[in-house]
Amino acid sequence: MTAQNKSSEARIDFPKELLGGVYSNNMVVAHTKEEFIMDFLMLAPPSGTVAARIIISPGHMKRIVKALQENLAKYEENFGKIQAFEMPQGEPTIQ
C-alpha cells in the first residue's frame, strides 16, 4: 500500500447497537432536488414501523444504485436468478 493510499483511509467505528442490523420488508423512497429519503419499514399487518431512515445526496444515491446492481448480479451468478414477485397493493401510511 502506498503512502498516498494510507492517507486516504478512514477508521470506521461500528456502534454496538447497530451490530445486529434491523429487518425491513418494505421501503418508501421520496426525493427533493437536494436529497433522497429512504424509509425502511417493518410491516406486520395491521400496522408497521419505520426501522430506519436514510437521507443521502443524489450523487451518493447514484453510487448506491450502481453498487446494488453489481452485488445483485454477483448474487445471481453464485446462487441463481431471483424470482421477481409483484409488489404488495396499497401505499403504507407513515405516521
# chains A, B, ... in the order shown; residues from 1 in each chain; ligands from 1
>>> select_by_dssp(residues="chain A", states="helix (DSSP H, G or I)", output="PDB file with C-alpha atoms, in the first residue's frame")
ATOM      1  CA  ALA A   3       1.659   6.367   1.393  1.00  0.00           C
ATOM      2  CA  GLN A   4      -0.969   8.106  -0.729  1.00  0.00           C
ATOM      3  CA  ASN A   5      -3.450   5.229  -0.185  1.00  0.00           C
ATOM      4  CA  LYS A   6      -2.758   5.130   3.567  1.00  0.00           C
ATOM      5  CA  SER A   7      -3.550   8.820   3.993  1.00  0.00           C
ATOM      6  CA  LYS A  16     -22.710  -1.872  19.287  1.00  0.00           C
ATOM      7  CA  GLU A  17     -26.432  -1.127  18.999  1.00  0.00           C
ATOM      8  CA  LEU A  18     -26.175  -1.390  15.187  1.00  0.00           C
ATOM      9  CA  PRO A  58     -28.349  12.482  -5.386  1.00  0.00           C
ATOM     10  CA  GLY A  59     -24.719  11.686  -6.237  1.00  0.00           C
ATOM     11  CA  HIS A  60     -24.467   9.165  -3.422  1.00  0.00           C
ATOM     12  CA  MET A  61     -27.807   7.635  -4.468  1.00  0.00           C
ATOM     13  CA  LYS A  62     -26.358   7.025  -7.925  1.00  0.00           C
ATOM     14  CA  ARG A  63     -23.338   5.240  -6.372  1.00  0.00           C
ATOM     15  CA  ILE A  64     -25.611   3.150  -4.128  1.00  0.00           C
ATOM     16  CA  VAL A  65     -27.772   2.066  -7.085  1.00  0.00           C
ATOM     17  CA  LYS A  66     -24.638   1.032  -9.012  1.00  0.00           C
ATOM     18  CA  ALA A  67     -23.281  -0.930  -6.026  1.00  0.00           C
ATOM     19  CA  LEU A  68     -26.646  -2.666  -5.543  1.00  0.00           C
ATOM     20  CA  GLN A  69     -26.847  -3.603  -9.235  1.00  0.00           C
ATOM     21  CA  GLU A  70     -23.310  -5.026  -9.161  1.00  0.00           C
ATOM     22  CA  ASN A  71     -23.973  -7.015  -5.984  1.00  0.00           C
ATOM     23  CA  LEU A  72     -27.297  -8.327  -7.279  1.00  0.00           C
ATOM     24  CA  ALA A  73     -25.556  -9.553 -10.447  1.00  0.00           C
ATOM     25  CA  LYS A  74     -22.847 -11.287  -8.342  1.00  0.00           C
ATOM     26  CA  TYR A  75     -25.508 -12.861  -6.108  1.00  0.00           C
ATOM     27  CA  GLU A  76     -27.392 -14.262  -9.116  1.00  0.00           C
ATOM     28  CA  GLU A  77     -24.142 -15.581 -10.628  1.00  0.00           C
ATOM     29  CA  ASN A  78     -23.481 -17.519  -7.419  1.00  0.00           C
ATOM     30  CA  PHE A  79     -26.979 -18.568  -6.368  1.00  0.00           C
TER      31      PHE A  79
END
>>> closest_residue(among="A:Phe36, A:Leu19, A:Ser24, A:His31", to="Val50 (chain A)", atoms="only C-alpha atoms")
A:Ser24
>>> residues_around(residues="Met42 (chain A)", least_positions_apart="4", cutoff="10 Å", atoms="only C-alpha atoms", output="short mmCIF file (atom, residue, chain, number, x, y, z; two decimals) with N, CA and C atoms, in the first residue's frame")
data_model
loop_
_atom_site.label_atom_id
_atom_site.label_comp_id
_atom_site.auth_asym_id
_atom_site.auth_seq_id
_atom_site.Cartn_x
_atom_site.Cartn_y
_atom_site.Cartn_z
N VAL A 22 -31.09 -4.15 11.37
CA VAL A 22 -32.54 -4.10 11.53
C VAL A 22 -33.16 -4.81 10.33
N TYR A 23 -34.31 -5.40 10.54
CA TYR A 23 -35.01 -6.09 9.45
C TYR A 23 -36.03 -5.14 8.83
N SER A 24 -36.10 -5.15 7.52
CA SER A 24 -37.06 -4.34 6.79
C SER A 24 -37.67 -5.20 5.69
N ASN A 25 -38.99 -5.13 5.56
CA ASN A 25 -39.63 -5.88 4.48
C ASN A 25 -40.35 -4.95 3.49
N ASN A 26 -40.07 -3.65 3.60
CA ASN A 26 -40.65 -2.69 2.67
C ASN A 26 -39.82 -1.41 2.71
N MET A 27 -39.95 -0.60 1.68
CA MET A 27 -39.21 0.65 1.63
C MET A 27 -40.02 1.70 0.88
N SER A 47 -50.31 -3.17 11.11
CA SER A 47 -49.54 -1.94 11.29
C SER A 47 -48.11 -2.15 10.84
N GLY A 48 -47.32 -1.11 11.01
CA GLY A 48 -45.91 -1.18 10.65
C GLY A 48 -45.14 -0.12 11.39
N THR A 49 -43.83 -0.19 11.23
CA THR A 49 -42.97 0.76 11.92
C THR A 49 -41.79 1.11 11.02
N VAL A 50 -41.27 2.32 11.13
CA VAL A 50 -40.07 2.70 10.39
C VAL A 50 -38.87 2.14 11.14
N ALA A 51 -38.11 1.27 10.49
CA ALA A 51 -36.94 0.65 11.10
C ALA A 51 -35.71 1.55 10.96
N ALA A 52 -35.66 2.31 9.86
CA ALA A 52 -34.52 3.20 9.64
C ALA A 52 -34.89 4.22 8.58
#
>>> closest_residue(among="A:Ile12, A:Ile82, A:Ala44, A:Ile54", to="Val28 (chain A)", atoms="only C-alpha atoms")
A:Ile54
>>> select_by_dssp(residues="chain A", states="strand (DSSP E or B)", output="tab-separated table (two decimals) with C-alpha atoms, in the first residue's frame")
chain	number	residue	atom	x	y	z
A	26	ASN	CA	-40.65	-2.69	2.67
A	27	MET	CA	-39.21	0.65	1.63
A	28	VAL	CA	-40.58	4.07	0.69
A	29	VAL	CA	-38.42	6.47	-1.34
A	30	ALA	CA	-39.01	10.21	-1.69
A	31	HIS	CA	-36.79	12.98	-3.00
A	36	PHE	CA	-33.20	11.28	-1.42
A	37	ILE	CA	-35.05	10.00	1.64
A	38	MET	CA	-35.36	6.24	2.09
A	39	ASP	CA	-37.60	4.91	4.85
A	40	PHE	CA	-37.08	1.21	5.57
A	41	LEU	CA	-40.23	-0.26	7.08
A	42	MET	CA	-41.17	-3.37	9.02
A	43	LEU	CA	-44.75	-4.06	8.02
A	44	ALA	CA	-46.69	-6.62	10.04
A	47	SER	CA	-49.54	-1.94	11.29
A	48	GLY	CA	-45.91	-1.18	10.65
A	49	THR	CA	-42.97	0.76	11.92
A	50	VAL	CA	-40.07	2.70	10.39
A	51	ALA	CA	-36.94	0.65	11.10
A	52	ALA	CA	-34.52	3.20	9.64
A	53	ARG	CA	-34.47	6.46	7.68
A	54	ILE	CA	-31.54	7.21	5.39
A	55	ILE	CA	-31.10	10.66	3.81
A	56	ILE	CA	-28.49	10.95	1.06
>>> atom_distance(atom1="CA of Gly80 (chain A)", atom2="CA of Gly20 (chain A)")
26.8 Å
